[in-house]
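Peer 1: What follows is a structure written as structure tokens; I'll ask about it next.
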Amino acid sequence: DGGITQSPKYLFRKEGQNVTLSCEQNLNHDAMYWYRQDPGQGLRLIYYSQIVNDFQKGDIAEGYSVSREKKESFPLTVTSAQKNPTAFYLCASSIDRGQGADTQYFGPGTRLTVL
Amino acid sequence: GDSVTQMEGPVTLSEEAFLTINCTYTATGYPSLFWYVQYPGEGLQLLLKATKADDKGSNKGFEATYRKETTSFHLEKGSVQVSDSAVYFCALVGGSQGNLIFGKGTKLSVKP
């Protein structure tokens, strides 16, 4: 089955630690995205990538970093510089950033809690 | 900048009741409009979309019509079921980077 997988489902981090969230897709999509979701708020875009070895900052990139070394993978690192990292993180992909860019397919999410 | 405003929840309905969730938008031009649904503990799924004025998107008994005169894209369903309990997000493609811009979401609870 084609889809997007995220791991782990739950992640606990101590203050001052960096953590990396995994996102993998087998949909052969060019574009991938990372969102953050907080209670009572919509999704906010952290980073996106249109193609391998290229990525762009979204609205709330500070304290986060990404890489896109393979088409299938778009890991997100939450660094110690992120002041309030406790949130639900969602990864998504779309065919490309052109006509098909608007229909995004989402993974099941990772819930990060800072202890 | 571009934005989406949804009615605040939570919305609680009895099974078989009529559902309306209001969504209005502010945008330059005529963006594509979407409704996504998020079931408890899961990611988002595309529910329906409309790409131009007067288009009606529909799926699983849900409908929404792109109204440019009122800049609205209200979600409706004639008879809700308990399984429709979820959070619903209205969204558009816009902004300087052409990304999805989401409303804050409306939580729907359907009681048997």
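Residue numbering restarts at 1 for every chain of the structure tokens, chains are lettered A, B, ... in their displayed order, and ligands are numbered from 1 as they appear.
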Please determine the contact residues of chain B with respect to chain A at a cut-off of 8 Å, counting only C-alpha atoms, and supply them as a tab-separated table (two decimals) with C-alpha atoms, in the first residue's frame.
Peer 2:
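Output file result-v2.tsv follows:
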chain	number	residue	atom	x	y	z
B	32	SER	CA	-8.30	26.46	-4.63
B	41	GLY	CA	-5.08	10.51	16.93
B	42	GLU	CA	-4.57	10.52	13.17
B	43	GLY	CA	-3.23	12.72	10.40
B	44	LEU	CA	-5.39	14.75	8.04
B	45	GLN	CA	-7.30	13.34	5.08
B	46	LEU	CA	-8.57	15.34	2.15
B	89	PHE	CA	-10.18	22.02	8.67
B	93	VAL	CA	-3.60	27.49	-1.39
B	99	ASN	CA	1.35	26.81	0.41
B	100	LEU	CA	-1.72	25.41	2.14
B	101	ILE	CA	-3.14	27.86	4.69
B	102	PHE	CA	-5.41	26.24	7.28
B	103	GLY	CA	-8.18	27.48	9.51
B	104	LYS	CA	-8.03	26.58	13.19
B	105	GLY	CA	-10.31	23.60	12.82
Peer 1: Counting only C-alpha atoms, what is within 9 Å of A:Asp54, bar same-chain residues fewer than 3 positions away, as a CSV table (one decimal) with N, CA, C and O atoms, in the first residue's frame?
Peer 2:
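Produced file around_13.csv, reproduced below:
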chain,number,residue,atom,x,y,z
A,48,TYR,N,9.3,23.0,3.9
A,48,TYR,CA,8.9,22.1,2.8
A,48,TYR,C,10.0,22.0,1.8
A,48,TYR,O,11.0,22.7,1.7
A,49,SER,N,9.9,20.9,0.9
A,49,SER,CA,10.9,20.6,0.0
A,49,SER,C,10.2,20.2,-1.3
A,49,SER,O,9.3,19.4,-1.4
A,50,GLN,N,10.6,20.9,-2.4
A,50,GLN,CA,10.1,20.6,-3.7
A,50,GLN,C,10.7,19.5,-4.5
A,50,GLN,O,10.2,18.9,-5.4
A,51,ILE,N,12.0,19.3,-4.1
A,51,ILE,CA,12.8,18.3,-4.8
A,51,ILE,C,14.0,17.9,-4.0
A,51,ILE,O,14.3,18.6,-3.0
A,67,SER,N,16.4,17.8,6.2
A,67,SER,CA,17.3,17.4,5.1
A,67,SER,C,16.4,16.6,4.1
A,67,SER,O,15.4,16.1,4.4
A,68,ARG,N,16.9,16.6,2.8
A,68,ARG,CA,16.2,15.8,1.8
A,68,ARG,C,17.2,15.2,0.9
A,68,ARG,O,17.4,15.6,-0.3
A,69,GLU,N,17.8,14.2,1.4
A,69,GLU,CA,18.8,13.5,0.6
A,69,GLU,C,18.3,12.4,-0.3
A,69,GLU,O,18.9,12.0,-1.3
Peer 1: Determine, counting only C-alpha atoms, which protein, DNA and RNA residues have an atom within 12 Å of an atom of A:Thr20; residues of the same chain fewer than 3 positions away are not included. Present the result as an mmCIF file with N, CA, C and O atoms, in the first residue's frame.
Peer 2:
data_model
loop_
_atom_site.group_PDB
_atom_site.id
_atom_site.type_symbol
_atom_site.label_atom_id
_atom_site.label_comp_id
_atom_site.auth_asym_id
_atom_site.auth_seq_id
_atom_site.Cartn_x
_atom_site.Cartn_y
_atom_site.Cartn_z
ATOM 1 N N GLN A 6 5.259 7.828 9.564
ATOM 2 C CA GLN A 6 6.004 8.671 10.483
ATOM 3 C C GLN A 6 6.367 7.836 11.706
ATOM 4 O O GLN A 6 5.563 7.028 12.175
ATOM 5 N N SER A 7 7.559 8.065 12.202
ATOM 6 C CA SER A 7 7.955 7.354 13.419
ATOM 7 C C SER A 7 8.864 8.242 14.246
ATOM 8 O O SER A 7 9.575 9.098 13.715
ATOM 9 N N PRO A 8 8.819 8.068 15.580
ATOM 10 C CA PRO A 8 7.878 7.216 16.300
ATOM 11 C C PRO A 8 6.514 7.883 16.414
ATOM 12 O O PRO A 8 6.358 9.047 16.046
ATOM 13 N N LEU A 11 7.047 10.524 21.225
ATOM 14 C CA LEU A 11 8.459 10.805 21.470
ATOM 15 C C LEU A 11 8.570 11.733 22.671
ATOM 16 O O LEU A 11 7.881 12.740 22.752
ATOM 17 N N PHE A 12 9.473 11.367 23.567
ATOM 18 C CA PHE A 12 9.700 12.181 24.751
ATOM 19 C C PHE A 12 11.137 12.680 24.716
ATOM 20 O O PHE A 12 12.057 11.931 24.411
ATOM 21 N N ARG A 13 11.295 13.928 25.052
ATOM 22 C CA ARG A 13 12.612 14.553 24.965
ATOM 23 C C ARG A 13 12.893 15.343 26.230
ATOM 24 O O ARG A 13 11.978 15.983 26.770
ATOM 25 N N GLN A 17 17.901 18.628 24.483
ATOM 26 C CA GLN A 17 18.252 17.563 23.540
ATOM 27 C C GLN A 17 17.686 17.861 22.157
ATOM 28 O O GLN A 17 16.602 18.423 22.023
ATOM 29 N N CYS A 23 10.069 10.710 8.511
ATOM 30 C CA CYS A 23 8.965 10.734 7.571
ATOM 31 C C CYS A 23 9.403 10.066 6.279
ATOM 32 O O CYS A 23 10.406 10.478 5.670
ATOM 33 N N TYR A 64 14.171 24.493 14.099
ATOM 34 C CA TYR A 64 14.012 23.232 13.374
ATOM 35 C C TYR A 64 15.026 23.156 12.233
ATOM 36 O O TYR A 64 15.475 24.177 11.728
ATOM 37 N N SER A 65 15.343 21.915 11.824
ATOM 38 C CA SER A 65 16.157 21.721 10.626
ATOM 39 C C SER A 65 15.672 20.477 9.900
ATOM 40 O O SER A 65 15.054 19.589 10.491
ATOM 41 N N VAL A 66 15.931 20.426 8.587
ATOM 42 C CA VAL A 66 15.498 19.296 7.767
ATOM 43 C C VAL A 66 16.608 18.927 6.798
ATOM 44 O O VAL A 66 17.570 19.676 6.606
ATOM 45 N N SER A 67 16.429 17.776 6.169
ATOM 46 C CA SER A 67 17.297 17.365 5.074
ATOM 47 C C SER A 67 16.433 16.618 4.066
ATOM 48 O O SER A 67 15.374 16.085 4.408
ATOM 49 N N PHE A 74 12.183 12.654 4.426
ATOM 50 C CA PHE A 74 12.263 14.079 4.765
ATOM 51 C C PHE A 74 12.265 14.204 6.291
ATOM 52 O O PHE A 74 11.288 14.626 6.908
ATOM 53 N N PRO A 75 13.365 13.873 6.942
ATOM 54 C CA PRO A 75 13.402 13.917 8.410
ATOM 55 C C PRO A 75 13.454 15.344 8.956
ATOM 56 O O PRO A 75 14.053 16.235 8.346
ATOM 57 N N LEU A 76 12.834 15.519 10.103
ATOM 58 C CA LEU A 76 12.795 16.809 10.790
ATOM 59 C C LEU A 76 13.541 16.694 12.112
ATOM 60 O O LEU A 76 13.255 15.791 12.899
ATOM 61 N N THR A 77 14.477 17.603 12.352
ATOM 62 C CA THR A 77 15.174 17.658 13.630
ATOM 63 C C THR A 77 14.665 18.846 14.434
ATOM 64 O O THR A 77 14.656 19.980 13.931
ATOM 65 N N VAL A 78 14.225 18.544 15.649
ATOM 66 C CA VAL A 78 13.801 19.592 16.572
ATOM 67 C C VAL A 78 15.000 19.879 17.464
ATOM 68 O O VAL A 78 15.436 19.005 18.225
ATOM 69 N N THR A 79 15.551 21.053 17.366
ATOM 70 C CA THR A 79 16.781 21.350 18.090
ATOM 71 C C THR A 79 16.478 21.949 19.455
ATOM 72 O O THR A 79 15.341 22.353 19.755
ATOM 73 N N SER A 80 17.507 22.069 20.250
ATOM 74 C CA SER A 80 17.350 22.651 21.585
ATOM 75 C C SER A 80 17.011 24.139 21.516
ATOM 76 O O SER A 80 16.588 24.736 22.506
ATOM 77 N N TYR A 89 3.307 16.691 15.382
ATOM 78 C CA TYR A 89 4.006 17.016 14.136
ATOM 79 C C TYR A 89 3.484 16.131 13.011
ATOM 80 O O TYR A 89 3.447 14.900 13.129
ATOM 81 N N THR A 110 3.474 12.468 14.694
ATOM 82 C CA THR A 110 4.306 12.148 15.859
ATOM 83 C C THR A 110 3.999 13.154 16.954
ATOM 84 O O THR A 110 4.050 14.365 16.716
ATOM 85 N N LEU A 112 5.251 14.839 20.125
ATOM 86 C CA LEU A 112 6.495 15.113 20.856
ATOM 87 C C LEU A 112 6.169 15.804 22.172
ATOM 88 O O LEU A 112 5.432 16.796 22.186
#
Peer 1: For the structure I just gave you, how does DSSP split stretch 15-105 of chain A - specifically, which residues are helix (DSSP H, G or I)? Reply as a PDB file with C-alpha atoms, in the first residue's frame.
Peer 2:
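The result, written out as selection_8.pdb:
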ATOM      1  CA  GLN A  99      -0.882  21.825 -10.494  1.00  0.00           C
ATOM      2  CA  GLY A 100      -0.908  18.844  -8.205  1.00  0.00           C
ATOM      3  CA  ALA A 101       0.668  20.590  -5.273  1.00  0.00           C
ATOM      4  CA  ASP A 102      -2.577  21.451  -3.600  1.00  0.00           C
TER       5      ASP A 102
END
Peer 1: With only C-alpha atoms as the counted atoms, please give the residues lying no more than 7 Å from B:Ser79, apart from itself and same-chain residues fewer than 3 positions off, as a short mmCIF file (atom, residue, chain, number, x, y, z; two decimals) with C-alpha atoms, in the first residue's frame.
Peer 2:
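Generated output (result.cif):
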data_model
loop_
_atom_site.label_atom_id
_atom_site.label_comp_id
_atom_site.auth_asym_id
_atom_site.auth_seq_id
_atom_site.Cartn_x
_atom_site.Cartn_y
_atom_site.Cartn_z
CA GLU B 16 -29.02 12.21 11.58
CA ALA B 17 -28.93 15.96 12.24
CA PHE B 18 -27.99 18.47 9.54
#
Peer 1: Can you check which residues of chain A DSSP gives as strand (DSSP E) on the backbone and send them as number ranges by chain?
Peer 2: A: 4-7, 10-13, 19-25, 31-37, 43-51, 54-57, 64-66, 76-78, 87-94, 105-106, 110-114
Peer 1: Compile the contact shell of B:Trp35 as a list of chain:residue names: residues with an atom at most 6 Å away, counting only C-alpha atoms, same-chain residues fewer than 6 positions apart removed.
Peer 2: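 These residues fall inside the cut-off: B:Leu47, B:Leu48, B:Phe89, B:Cys90.
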Peer 1: Identify, on the basis of only C-alpha atoms, every residue whose closest approach to stretch 62-71 of chain B does not exceed 9 Å; exclude the query and any residue fewer than 5 positions from it along the same chain; express the result as a list in words.
Peer 2: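 So, after excluding close chain neighbours, the residues are Cys23, Thr24, Tyr25, Thr26, Ala27, Tyr30, Ser32, Leu33, Phe34, Trp35, Leu47, Leu48, Lys49, Ala50, Thr51, Lys52, Ala53, Asp54, Asp55, Lys56, Gly57, Glu76, Lys77 and Gly78 of chain B.
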Peer 1: For atom CA of B:Pro112 and atom CA of B:Ala91, quote the distance in Å rounded to one decimal.
Peer 2: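 Interatomic distance, atom CA of B:Pro112 to atom CA of B:Ala91: 29.3 Å.
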Peer 1: At what distance in Å, to one decimal, does atom CA of B:Pro40 lie from atom CA of B:Phe73?
Peer 2: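 According to the coordinates, atom CA of B:Phe73 and atom CA of B:Pro40 are separated by 23.7 Å.
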Peer 1: Just want the 7 Å neighbourhood of B:Val82, counted on only C-alpha atoms, with same-chain residues fewer than 6 positions away dropped. Output as a PyMOL selection string.
Peer 2: chain B and resi 15+110-112
Peer 1: Looking at B:Gln97, B:Ser83, B:Tyr88, B:Gln38, which one is nearest to B:Pro10, with distances taken over only C-alpha atoms?
Peer 2: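 Answer, going by the shortest atom-to-atom distance: B:Tyr88.
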Peer 1: Considering only C-alpha atoms, state which residue in the set A:Ile4, A:Gly16, A:Lys70, A:Leu21 is at the smallest distance from A:Lys83.
Peer 2: A:Gly16
